[in-house]
Structure formats: C-alpha cells, structure tokens
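Asker: Below is one structure. I have some questions about it.
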Amino acid sequence: MRRLLDILIVVVACLAAVNCTTGSAPAADRYVSVGPDGQFRIGGHTYNYIGTNFWYGALLASEGRGGDRVRLARELDTLQALGLTNLRIMVGGDGRENLPHHIMPVLQTAPGVYNDTLLAGLDYLLAELERRDMKAVLYLNNSWEWSGGYGAYLEWAGMGDCPDPADGYREYCDYVAQFVLSDSAKAMAANHVRNIVSRTNSVTGRPYSESPAIMAWQIANEPRAFCSDSLHKEAFARWIASTAELIKSLDANHLVSTGSEGLYGCEVDLDLWERIHRDPNIDYGIIHVWPYNWRWVDSATVVTGVDSACTYALEYITPHVEIMRSASKPLVIEEFGYPRDGMAIAPGTPTTGRDIFYDYILSLTGPDGPVAGCNFWGWGGLAEPLRSEWHPWQPYTADPAQEPQGLYSVFASDTSTIKIISKTLKKKHL
C-alpha cells in the first residue's frame with residue numbers, strides 16, 4: 001500500500017509539472033516564437049496555420065447588449081473542429097456610438113475609460129481560447145472609421161469630428177492623416193496599449209502577458225500614413241517602431257505585428273513597408289489581399305476574372321516574400337477576401353469565384369509554400385443578416401459596419417468554401 005501511495009505521489013507530481021491536469025503543456029511551451037530560420041515555432045516545432053478573421057469575438061463574449069456566449073461557444077467549437085484555430089480579433093472599438101458606419105458597442109468610450117462589461121468579455125474570450133488551445137492575434141487600433149481608432153483619438157485630441165468616408169473618402173483620408181503627426185492622439189493610443197497589454201484576466205487570474213492563447217499583439221488594423229510626403233511617412237514609421245517597442249516592454253512573451261496591407265498600405269512605397277517590418281521589435285511580415293476592393297476584378301468579372309485576380313495576387317505577394325526571406329522573418333497573409341458570385345450577400349449563395357481564389361491563396365500557405373500563415377476574411381459562421389446595411393444589434397458577421405452584411409463572410413452554410421479550406425488543411429497537415 002505504501003509503495004502504491006509513493007507511485008501515485010510521483011505520478012501526480014509529474015502531471016503537475018507539465019500542467020496535464022488541464023490537458024496542456026506549460027504556458028511557456030505554448031507561446032509562438034520565430035526561429036533563426038525565419039519560421040514560426042511552438043515548443044520546438046514549426047508552426048504554420050490557416051485561420052480566419054473573427055473581429056467580433058470579444059463582442060460576442062460580452063454579457064452585455066450584443067453579446068451571445070451561446071453563439072460564441074458554437075462558433076469556437078466549429079472553428080476548432082475545422083482546424084481553424086488561429087483567429088484575428090479586435091480588442092475593441094473606440095469613440096462615439098450611434099454613428100452610421102461604426103460598430104457597437106465600443107470598448108473605450110473616452111481616453112482610458114472602458115466599458116467594463118466588454119473588458120470582461122475580452123477576458124472570457126481569451127479564457128475560452130486557452131481552454132481550446134487556440135491562438136489569437138489581437139489588434140489594438142484601427143486606421144478605419146468602423147471601430148474608431150485614428151478618428152476617435154483625433155476627436156479626443158480636439159481636431160473636430162471625424163468625417164464619414166461614405167460622405168467623402170478624400171476628406172476622411174486628409175483628416176486621419178493627422179494621426180501620425182499628433183502627439184496628443186498618439187499618446188492616448190499608447191496609453192490604451194499600456195492598459196490592455198498589461199491587463200490581468202479576470203476569468204483566469206493570468207496576466208495577458210502570460211496567456212498561451214495570444215499569438216501576437218498587433219499595432220493596428222491596416223495602419224497607414226494616409227499621405228505620401230516624407231513628413232508623414234517618417235512619422236508613420238517612427239510611430240510603428242515606438243509602439244512595437246512599448247508592447248515589447250510590457251510583454252516579452254508574445255509576438256508583435258503591424259497589421260499592414262503591404263505595398264498598398266504604405267503609400268505604394270515598398271521601402272517603407274520593408275522599413276517597418278525590419279524593425280527589431282516587429283516579429284513577422286503582414287500583407288492583405290483584396291482583389292475587388294483594389295479593382296483587379298469588378299462586379300461583372302467576379303467569376304470570369306478570378307484567374308487574373310490570382311495572377312495579380314501572386315505579383316503582389318512575391319516582393320513581400322522576398323523581403324521577409326532576406327530578413328529571416330515569416331510572412332502572413334492575414335486578410336484576403338473575395339465577393340460572392342453576383343455580389344450576393346445571403347448565406348449559401350454561390351461562391352464560385354471565391355472558392356477558386358481561396359484555393360489559390362491557401363495553396364501558397366504552409367511548409368511547402370512561401371507564406372507561413374494566412375487568415376481569410378472572414379468568419380460569419382452562424383449569423384443570418386437581417387438586411388444588407390449594418391444595423392445595431394443584428395447578428396455580427398465578418399463584414400464590418402461600412403460594408404454589405406454578408407458580402408465577404410464565410411458562413412457555416414457555405415459548404416463549398418469550407419470544403420476547400422478543410423481539404424487544404426488536411427493536405428498540408430495543418
């Protein structure tokens with residue numbers, strides 16, 4: 001009996017040492033790093049992935065209005081079962097609510113003032129991801145109006161109301177171009193970074209800096225200088241570098257990324273993109289690929305023009321791959337989207353062009369491709385849009401408030417697209 005007790009004590013000690021009571025390795029072995037070969041690694045093994053954009057995840061995780069933890073559990077379980085375990089997620093919105101093209105509710109209602117129900121939702125989401133051994137890339141800011149970001153900070157800095165791009169795109173760009181030159185706006189954004197990155201999760205009791213669910217912090221969704229003169233581009237590069245340094249000073253365990261679209265997000269200046277991604281505190285390269293938004297196809301050629309869209313995509317991707325190879329850093333296509341046939345929006349409508357484009361981009365990803373990871377845009381899951389225009393409190397889709405609800409979403413009923421994703425995951429053993 002004594003011998004049996006001794007054996008049990010040893011077994012329990014061993015289990016505790018590897019955290020087997022939760023079915024997980026120690027947190028340190030679950031962080032993503034970049035090896036000297038320029039590849040992502042977890043616990044000594046190469047890490048490649050196909051994931052998705054799930055920007056509204058923390059909103060679903062809230063117990064407040066707009067939240068739906070039952071749906072969240074179903075979405076995460078579905079994504080996990082499909083093998084889509086890397087999710088790109090918005091930390092939260094900023095600024096005024098009840099704007100026509102702005103998501104609701106917002107997390108940061110005034111500089112450093114937070115909706116605590118939404119913060120608790122972010123905590124809950126990360127706890128659920130930890131439990132499922134899933135990864136998140138969390139972006140902290142946005143250059144576009146749909147979640148506040150640049151525009152909210154400029155309003156708080158006293159620069160007047162942010163224009164709605166729908167009322168004048170050039171006026172919007174001129175307004176938000178002030179962000180990288182505004183010390184006040186950038187200081188408030190930096191304070192937000194400090195508040196979030198240094199937070200302790202109220203559900204797990206674990207500091208965010210120690211969460212195995214976080215793959216990377218991201219400076220912003222599609223950060224831009226919004227002006228091609230040297231003053232703005234220099235200020236933009238310095239802001240990226242200083243924010244990356246700040247994040248690293250707060251969290252030494254997780255990666256830092258930019259959120260850049262690539263060439264088109266750097267005023268068509270590849271040297272600027274290279275500069276911000278060679279910064280020692282930026283761990284990997286980021287690009288986005290949007291054939292319809294960038295006019296590689298139009299509404300009449302979504303299906304017939306998809307082959308040329310693939311050709312344009314490869315031409316766009318290739319120089320970014322070469323730069324990151326020379327820097328010994330991975331490259332991720334963290335947004336790519338393609339409309340439904342005929343610009344339809346309803347779940348289950350045909351996706352012939354999309355399926356071809358997805359198949360092509362996915363083929364570039366993984367151990368046998370030039371791209372280390374990708375996140376398609378985006379997961380609409382179980383949502384059933386009530387109308388094409390954004391309306392507060394209707395089910396969240398992958399399409400933010402300024403876009404037709406359902407146009408770029410991959411819904412759970414889009415079986416042909418899901419089949420292609422699943423086939424690629426199986427083929428590449430991801």
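Note on naming: chains are A, B, ... as they come in the structure tokens, residues start from 1 per chain, ligands start from 1 in the order shown.
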What are the DSSP helix (DSSP H, G or I) residues of stretch 201-293 of chain A, as a ChimeraX atom specification?

Answerer: /A:208-210,230-250,263-265,270-278

Asker: So that I can check the surroundings of A:Ala213, please list as an MDAnalysis selection string every protein, DNA and RNA residue that reaches within 6 Å of it, counting only C-alpha atoms and ignoring chain neighbours fewer than 6 positions away.

Answerer: chainID A and resid 129:130 134:136

Asker: May I have a table of the residues of stretch 32-53 of chain A lying at most 9 Å from stretch 324-345 of chain A, giving each one's closest pair of atoms and their distance in Å to one decimal, counting only C-alpha atoms, ordered by chain and ascending residue number, as a tab-separated table?

Answerer:
residue	atom	partner	partner_atom	distance
A:Val34	CA	A:Lys329	CA	7.2
A:Gly35	CA	A:Lys329	CA	8.4
A:Pro36	CA	A:Ser328	CA	6.9
A:Asp37	CA	A:Ser328	CA	6.2
A:Gly38	CA	A:Ser328	CA	4.2
A:Gln39	CA	A:Pro330	CA	5.5
A:Phe40	CA	A:Pro330	CA	6.8
A:Gly51	CA	A:Glu334	CA	8.5
A:Thr52	CA	A:Glu334	CA	7.9
A:Asn53	CA	A:Glu335	CA	7.3

Asker: Find the residue from A:Ala237, A:Gly369, A:Ile219, A:Pro165 that sits nearest to A:Leu181; use only C-alpha atoms when measuring.

Answerer: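 Residue with the minimum atom-to-atom distance to A:Leu181: A:Ala237.
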
Asker: Neighbouring residues of A:Ile196 were defined as those with any atom within 9 Å, considering only C-alpha atoms; residues of the same chain fewer than 6 positions away were excluded. Please report them as a list in words.

Answerer: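 Near neighbours after the sequence-gap exclusion: Val91, Leu140 and Tyr208 of chain A.
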
Asker: What's the separation between atom CA of A:Cys227 and atom CA of A:Gly265, in Å to one decimal place?

Answerer: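 Result for atom CA of A:Cys227 versus atom CA of A:Gly265: 10.6 Å, one decimal.
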